[in-house]
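Single-structure report; data block below.
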Amino acid sequence: MNAPERVVATEATLALLGQLKGRHGELMFFQSGGCCDGSAPMCYQAGEYLLGDTDVYLGDIGGVPFYMNADQFDYWKHTQLIIDVVNGNGGMFSLENGSGKRFLTRSRLFSDEEYEALPRPQLARQ
């Protein structure tokens, strides 16, 4: 069995990412763990969000790297993250803010076989 991707994007997400790339250049995602903007996928210009030693790289969506903190990853490690777009206001620090759209994380549990096929997660600073 081929390993599934830890993070995937809907067509709506890929379309919004294309618009944001056109305006802001290279991008990155960080799955927020709460605080100011709740638990939401936050989109930044590449390098605008400083990654820490315990942040985990989950993969790319639409050519954009996606990260989250290792403590939060421990809760999500059995799920595939599906990044979607819905109508609403984005996080105040996320680049889609003001567009009338916001990124949203949906998820599904990996099957036992899928989970066993997953590679070990990579720290962002490796």
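By convention in this document, the chains of the structure tokens carry letters A, B, ... by their order, each chain's residues are numbered from 1, and ligands are numbered from 1 in the order they are shown.
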| query | Got a sec: who's within 10 Å of stretch 110-116 of chain A, counting only C-alpha atoms, leaving out chain neighbours fewer than 2 positions off, as a VMD selection string? | reply | chain A and resid 1 to 6 77 to 80 107 to 108 118 to 120
Can you write just those residues out, N, CA, C and O atoms, as an mmCIF file, in the first residue's frame?
data_model
loop_
_atom_site.group_PDB
_atom_site.id
_atom_site.type_symbol
_atom_site.label_atom_id
_atom_site.label_comp_id
_atom_site.auth_asym_id
_atom_site.auth_seq_id
_atom_site.Cartn_x
_atom_site.Cartn_y
_atom_site.Cartn_z
ATOM 1 N N MET A 1 0.840 -1.185 0.000
ATOM 2 C CA MET A 1 0.000 0.000 0.000
ATOM 3 C C MET A 1 0.883 1.247 0.000
ATOM 4 O O MET A 1 1.842 1.334 0.755
ATOM 5 N N ASN A 2 0.528 2.194 -0.852
ATOM 6 C CA ASN A 2 1.214 3.485 -0.843
ATOM 7 C C ASN A 2 0.753 4.292 0.363
ATOM 8 O O ASN A 2 -0.412 4.237 0.739
ATOM 9 N N ALA A 3 1.666 5.050 0.920
ATOM 10 C CA ALA A 3 1.327 5.881 2.078
ATOM 11 C C ALA A 3 0.385 7.004 1.656
ATOM 12 O O ALA A 3 0.605 7.663 0.634
ATOM 13 N N PRO A 4 -0.662 7.233 2.429
ATOM 14 C CA PRO A 4 -1.544 8.364 2.131
ATOM 15 C C PRO A 4 -0.856 9.669 2.513
ATOM 16 O O PRO A 4 0.142 9.678 3.226
ATOM 17 N N GLU A 5 -1.399 10.762 2.030
ATOM 18 C CA GLU A 5 -0.868 12.073 2.401
ATOM 19 C C GLU A 5 -1.471 12.472 3.738
ATOM 20 O O GLU A 5 -2.642 12.213 4.012
ATOM 21 N N ARG A 6 -0.664 13.130 4.571
ATOM 22 C CA ARG A 6 -1.156 13.587 5.875
ATOM 23 C C ARG A 6 -2.067 14.801 5.737
ATOM 24 O O ARG A 6 -2.921 15.042 6.568
ATOM 25 N N LYS A 77 -2.341 12.874 14.727
ATOM 26 C CA LYS A 77 -1.510 11.960 13.944
ATOM 27 C C LYS A 77 -2.280 10.804 13.314
ATOM 28 O O LYS A 77 -1.829 10.221 12.341
ATOM 29 N N HIS A 78 -3.442 10.479 13.824
ATOM 30 C CA HIS A 78 -4.239 9.383 13.271
ATOM 31 C C HIS A 78 -5.230 9.859 12.211
ATOM 32 O O HIS A 78 -6.058 9.080 11.759
ATOM 33 N N THR A 79 -5.160 11.139 11.851
ATOM 34 C CA THR A 79 -6.122 11.698 10.903
ATOM 35 C C THR A 79 -5.433 12.354 9.706
ATOM 36 O O THR A 79 -4.329 12.863 9.805
ATOM 37 N N GLN A 80 -6.123 12.306 8.606
ATOM 38 C CA GLN A 80 -5.709 13.060 7.423
ATOM 39 C C GLN A 80 -6.413 14.411 7.511
ATOM 40 O O GLN A 80 -7.627 14.477 7.719
ATOM 41 N N SER A 107 -11.269 16.619 8.788
ATOM 42 C CA SER A 107 -10.363 15.483 8.956
ATOM 43 C C SER A 107 -11.109 14.174 8.786
ATOM 44 O O SER A 107 -12.338 14.123 8.855
ATOM 45 N N ARG A 108 -10.336 13.140 8.559
ATOM 46 C CA ARG A 108 -10.863 11.774 8.546
ATOM 47 C C ARG A 108 -9.809 10.875 9.170
ATOM 48 O O ARG A 108 -8.607 11.134 9.051
ATOM 49 N N LEU A 118 2.206 5.149 6.849
ATOM 50 C CA LEU A 118 2.698 6.527 6.927
ATOM 51 C C LEU A 118 4.176 6.579 7.299
ATOM 52 O O LEU A 118 4.621 5.844 8.189
ATOM 53 N N PRO A 119 4.932 7.461 6.653
ATOM 54 C CA PRO A 119 6.318 7.650 7.080
ATOM 55 C C PRO A 119 6.353 8.400 8.410
ATOM 56 O O PRO A 119 5.376 9.045 8.798
ATOM 57 N N ARG A 120 7.470 8.318 9.092
ATOM 58 C CA ARG A 120 7.630 9.082 10.334
ATOM 59 C C ARG A 120 7.519 10.569 10.025
ATOM 60 O O ARG A 120 7.999 11.025 8.990
#
Restrict the calculation to only C-alpha atoms, then for each residue of stretch 15-51 of chain A with any atom at most 9 Å from an atom of stretch 61-64 of chain A give the closest atom pair and their distance in Å to one decimal, rows by chain and rising residue number, as a Markdown table.
| residue | atom | partner | partner_atom | distance |
| --- | --- | --- | --- | --- |
| A:Leu17 | CA | A:Gly62 | CA | 7.2 |
| A:Gly18 | CA | A:Gly62 | CA | 8.2 |
| A:Glu26 | CA | A:Val64 | CA | 7.6 |
| A:Leu27 | CA | A:Val64 | CA | 5.8 |
| A:Met28 | CA | A:Val64 | CA | 5.3 |
| A:Phe29 | CA | A:Val64 | CA | 7.0 |
| A:Ala46 | CA | A:Val64 | CA | 8.7 |
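Omitting stretch 53-55 of chain A and its sequence neighbours fewer than 4 positions away, and counting only C-alpha atoms, the residues within 6 Å are A:Met68, A:Asn69, A:Ala70, A:Leu123, A:Ala124.
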Test item: residues at most 6 Å from stretch 82-91 of chain A, only C-alpha atoms, excluding those fewer than 6 positions along its chain, as a compact mmCIF listing (two decimals) with N, CA, C and O atoms, in the first residue's frame:
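Saved to result14.txt:
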# COMPACT_ATOMS: atom_id res chain seq x y z
N VAL A 7 -1.86 15.60 4.69
CA VAL A 7 -2.67 16.79 4.48
C VAL A 7 -2.99 16.89 2.98
O VAL A 7 -2.12 16.67 2.14
N VAL A 8 -4.26 17.18 2.68
CA VAL A 8 -4.73 17.34 1.31
C VAL A 8 -5.58 18.60 1.24
O VAL A 8 -5.98 19.15 2.26
N ALA A 9 -5.87 19.04 0.02
CA ALA A 9 -6.65 20.27 -0.17
C ALA A 9 -7.80 20.02 -1.13
O ALA A 9 -7.68 19.22 -2.06
N THR A 10 -8.90 20.72 -0.91
CA THR A 10 -10.02 20.68 -1.84
C THR A 10 -9.71 21.59 -3.03
O THR A 10 -8.78 22.41 -3.00
N ALA A 12 -11.49 24.07 -3.98
CA ALA A 12 -11.71 25.46 -3.54
C ALA A 12 -10.47 26.01 -2.84
O ALA A 12 -10.11 27.18 -3.03
N THR A 13 -9.81 25.17 -2.06
CA THR A 13 -8.58 25.60 -1.40
C THR A 13 -7.50 25.90 -2.41
O THR A 13 -6.81 26.93 -2.32
N ASP A 37 -6.91 33.14 17.06
CA ASP A 37 -7.75 32.79 15.93
C ASP A 37 -8.35 31.39 16.02
O ASP A 37 -8.78 30.83 15.03
N ASN A 97 -7.83 36.64 5.08
CA ASN A 97 -8.68 37.58 5.81
C ASN A 97 -9.08 38.74 4.89
O ASN A 97 -8.25 39.29 4.18
N GLY A 100 -13.64 37.29 2.24
CA GLY A 100 -14.97 36.71 2.33
C GLY A 100 -14.92 35.20 2.40
O GLY A 100 -15.96 34.54 2.43
N LYS A 101 -13.73 34.64 2.39
CA LYS A 101 -13.51 33.20 2.49
C LYS A 101 -12.57 32.93 3.65
O LYS A 101 -11.81 33.79 4.07
N ARG A 102 -12.64 31.70 4.17
CA ARG A 102 -11.68 31.31 5.20
C ARG A 102 -11.32 29.84 5.02
O ARG A 102 -12.11 29.04 4.52
N PHE A 103 -10.11 29.51 5.42
CA PHE A 103 -9.66 28.13 5.38
C PHE A 103 -10.24 27.40 6.59
O PHE A 103 -10.40 27.99 7.67
N LEU A 104 -10.54 26.13 6.41
CA LEU A 104 -11.14 25.30 7.44
C LEU A 104 -10.50 23.92 7.38
O LEU A 104 -10.31 23.38 6.29
N THR A 105 -10.18 23.36 8.53
CA THR A 105 -9.62 22.01 8.58
C THR A 105 -10.73 21.01 8.86
O THR A 105 -11.44 21.11 9.85
N ARG A 106 -10.87 20.07 7.95
CA ARG A 106 -11.73 18.92 8.16
C ARG A 106 -10.77 17.73 8.34
O ARG A 106 -9.58 17.85 8.05
N SER A 107 -11.27 16.62 8.79
CA SER A 107 -10.36 15.48 8.96
C SER A 107 -11.11 14.17 8.79
O SER A 107 -12.34 14.12 8.85
| said: My list of candidates is A:Leu50, A:Ala40, A:Leu20, A:Leu14. Which is closest to A:Leu81 when distances are computed with only C-alpha atoms? | reply: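 Once distances to A:Leu81 are computed over only C-alpha atoms, the minimum belongs to A:Ala40.
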| message | Between atom CA of A:Met92 and atom CA of A:Phe30, what distance in Å does the model show, to one decimal? | response |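 Interatomic distance here is 13.8 Å.
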| said: Just the number, please: distance in Å from atom CA of A:Tyr44 to atom CA of A:Glu96, one decimal. | reply: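 That distance, rounded to one decimal, is 9.1 Å.
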| task | Please measure the separation of atom CA of A:Cys43 and atom CA of A:Leu95, giving the value in Å to one decimal. | result | 5.5 Å
